[in-house]
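Structure, as structure tokens:
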Amino acid sequence: MSDEPEVLVEQRGGLGLITLNRPKAINALNHAMTLTITEQLHAWATDDSVRTVAITGAGERGLCAGGDIVAIHHDAKEQQAAGHVGAAADSATGKFWRDEYILNALIGRYSKPYVAVMDGIVMGGGVGLSAHGSHRIVTERSKVGMPEVGIGFIPDVGGTYLLSRAPGELGTHIALTTARLGAGDAVATGFADYYVPADQIPALLTTLETEAADTAIAKFAAEAPESALVAQRDWIDACYSADTVAEIVARLQAHESPEANKAATDILGKSPVALQVTLRSLRSAKGAGSLEAVLNEEYRVSIASLASHDLVEGIRAQVVDKDRDPQWSPATLSDVTTAQVDGYFAELGARELGLTIPEDNQ
């Protein structure tokens with residue numbers, strides 16, 4: 001076991017640099033790391049010697065593969081046995097998610113330039129650490145995604161806020177199929193702002209020590225690759241504008257495009273209840289006025305998920321046993337009831353996340 005800190009923090013000139021330092025786990029995020037980052041961001045916010053903050057990941061594989069889902073699996077099994085959201089909110093994972101979402105909101109309104117280097121794999125919680133920042137950079141190695149429905153979970157960390165604001169129905173497609181975004185897709189869908197070749201990242205970070213973020217990035221940014229997803233918007237917008245997941249699947253299956261047919265197959269392999277809850281979350285987020293409002297609702301949904309069958313089963317099948325054969329319950333889209341979906345959005349009383357909604361967004 002390494003004695004190195006899981007988060008490295010250093011100041012280089014006017015740059016405050018945060019490096020996620022669990023390279024063997026693709027820098028998977030845990031509670032202690034979240035608290036360290038939050039504390040450091042608050043400190044740098046009032047430090048006049050720090051002009052810009054940047055976040056990157058150690059190793060060659062990626063910024064962050066998301067939350068530590070093996071730990072979440074152990075917690076979820078206990079919460080499923082307990083069977084009520086109160087226990088889930090008070091669990092170690094519930095407390096982790098609370099502080100993680102508070103950090104996501106902090107990043108979204110950070111008072112200084114926040115440069116996120118989204119090189120390599122950036123999934124789930126990694127998106128929450130990066131895609132709410134003011135300056136989001138992807139490289140030719142970037143693979144960005146919100147793969148939650150594949151493990152019986154629902155996009156969180158403000159992911160539904162981002163997905164719901166992608167052009168047309170691209171965000172719905174990404175969420176329901178767990179599509180991975182390359183650099184061009186990430187820029188086109190609003191998950192990133194700039195494309196910088198990976199071999200230029202060290203020089204960019206060095207330049208940020210002495211120059212303002214906009215000036216430094218302009219020296220290294222190149223034209224992003226074309227987005228394959230945007231090129232498919234005709235069938236994506238037509239199919240995913242439906243009101244239910246079942247109708248979306250029916251439209252995809254009936255479409256002449258092979259890509260649409262494949263998307264239907266992809267969706268049908270995911271958790272039926274997670275798909276239904278995700279679609280409602282996306283539609284709700286689209287009408288929300290702020291990231292904080294979305295995070296408040298996502299917290300309710302996540303806590304309900306933690307006490308659910310499908311999160312335990314999804315992580316088991318994909319990560320623990322790796323048999324890739326989850327036994328979802330309910331087993332089909334038609335078996336999911338409105339009451340089951342409603343339950344994910346139930347208020348938590350004293351356990352609400354309770355982020356303050358900015359006055360200009362109320």
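For the structure tokens, the naming scheme is as follows: chains receive sequential letters (A, B, ...) according to their order of presentation, residues are indexed from 1 within each chain, and ligands are indexed from 1 in presentation order.
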
### Message
For the structure I just gave you, how does DSSP split region 72-121 of chain A - specifically, which residues are alpha helix (DSSP H)? Reply as an MDAnalysis selection string.
### Response
chainID A and resid 72:82 85:90 92:108

Listing only residues of region 119-168 of chain A within 12 Å of region 59-78 of chain A, what is the closest atom pair and its distance in Å (to one decimal) for each, using only C-alpha atoms, sorted by chain and residue number ascending, as a tab-separated table?
residue	atom	partner	partner_atom	distance
A:Asp119	CA	A:Gly62	CA	5.5
A:Gly120	CA	A:Gly62	CA	3.8
A:Ile121	CA	A:Gly62	CA	4.2
A:Val122	CA	A:Cys64	CA	5.1
A:Met123	CA	A:Ala65	CA	4.9
A:Gly124	CA	A:Gly66	CA	4.6
A:Gly125	CA	A:Gly66	CA	4.0
A:Gly126	CA	A:Cys64	CA	4.6
A:Val127	CA	A:Gly66	CA	7.6
A:Gly128	CA	A:Gly66	CA	8.7
A:Leu129	CA	A:Cys64	CA	8.5
A:Ser130	CA	A:Leu63	CA	8.9
A:Ala131	CA	A:Leu63	CA	11.7
A:Ile137	CA	A:Leu63	CA	11.1
A:Val138	CA	A:Leu63	CA	10.4
A:Thr139	CA	A:Gly62	CA	10.6
A:Glu140	CA	A:Gly62	CA	11.8
A:Arg141	CA	A:Gly62	CA	8.5
A:Ser142	CA	A:Gly62	CA	7.7
A:Lys143	CA	A:Gly62	CA	8.4
A:Val144	CA	A:Ala65	CA	9.3
A:Gly145	CA	A:Ala65	CA	9.5
A:Met146	CA	A:Gly66	CA	9.2
A:Pro147	CA	A:Gly66	CA	9.7
A:Glu148	CA	A:Gly66	CA	10.1
A:Ile151	CA	A:Ile69	CA	9.6
A:Gly152	CA	A:His73	CA	11.3
A:Phe153	CA	A:Ile69	CA	10.8
A:Pro155	CA	A:Gly66	CA	11.3
A:Asp156	CA	A:Gly66	CA	10.8
A:Val157	CA	A:Gly66	CA	10.0

### Query
So how many Å separate CA of Arg351 (chain A) and CA of Trp328 (chain A), to one decimal?
28.1 Å

Contact table region 120-231 of chain A vs region 241-256 of chain A, cut-off 10 Å, shortest pair per residue, only C-alpha atoms, as a tab-separated table:
residue	atom	partner	partner_atom	distance
A:Gly168	CA	A:Ser241	CA	8.6
A:Glu169	CA	A:Ser241	CA	6.6
A:Thr172	CA	A:Ser241	CA	8.6
A:His173	CA	A:Ile248	CA	9.7
A:Leu176	CA	A:Val245	CA	8.7

#### Entry: Contacts of Ser308 (chain A) at 12 Å (only C-alpha atoms; same-chain gap of 4+ positions) as number ranges by chain
A: 73, 75-85, 88, 151-154, 271, 273-274, 301-304, 312-315, 328-330, 340-341, 343-344

### Message
From the options A:Asp185, A:Asp342, A:Asp214, A:Glu6, which residue's atoms come nearest to Arg300 (chain A), counting only C-alpha atoms?
### Response
A:Asp342

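Nearest residue to Gly354 (chain A), choosing from A:Leu20, A:Leu163, A:Ala105, A:Val319 and counting only C-alpha atoms: A:Ala105.
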
### Residues near region 189-192 of chain A, cut-off 10 Å, only C-alpha atoms, skip fewer than 5 positions along chain, as a ChimeraX atom specification
/A:116-118,127,130-138,144-145,159,162-168,170-171,174,181,183-184,227,229-230

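Of the residues under consideration (A:Leu306, A:Leu204, A:Val53, A:Asp323), A:Leu306 shows the shortest atom-to-atom contact distance to Asp90 (chain A) when counting only C-alpha atoms.
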
### Message
List as a ChimeraX atom specification the protein and nucleic acid residues near Leu106 (chain A), meaning an atom at most 12 Å away when only C-alpha atoms are counted, but skip any in the same chain fewer than 6 places from it.
### Response
/A:34,37-42,45,99-100,112,114,128-130,132-134,157-158,291-292,295,355-356

### Query
Which residue out of A:Ala188, A:Ile267, A:Ala216, A:Ala87 has the minimum interatomic distance to Arg233 (chain A) when only C-alpha atoms are used?
A:Ala188

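Pairwise distance (CA of Thr19 (chain A), CA of Val187 (chain A)) equals 22.8 Å.
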
### Task
Find the distance between CA of Trp97 (chain A) and CA of Lys322 (chain A) and write it in Å to one decimal.
24.9 Å

#### Entry: For Ala263 (chain A), the nearest of the candidates A:Gln276, A:Thr177, A:Ser284, A:Asn296, counting only C-alpha atoms
A:Thr177

### Query
Which neighbours of Leu208 (chain A) fall inside 8 Å, counting only C-alpha atoms, when residues of the same chain fewer than 3 positions from it are skipped, and could you give them as an MDAnalysis selection string?
chainID A and resid 14:15 52 204:205 211:213 216
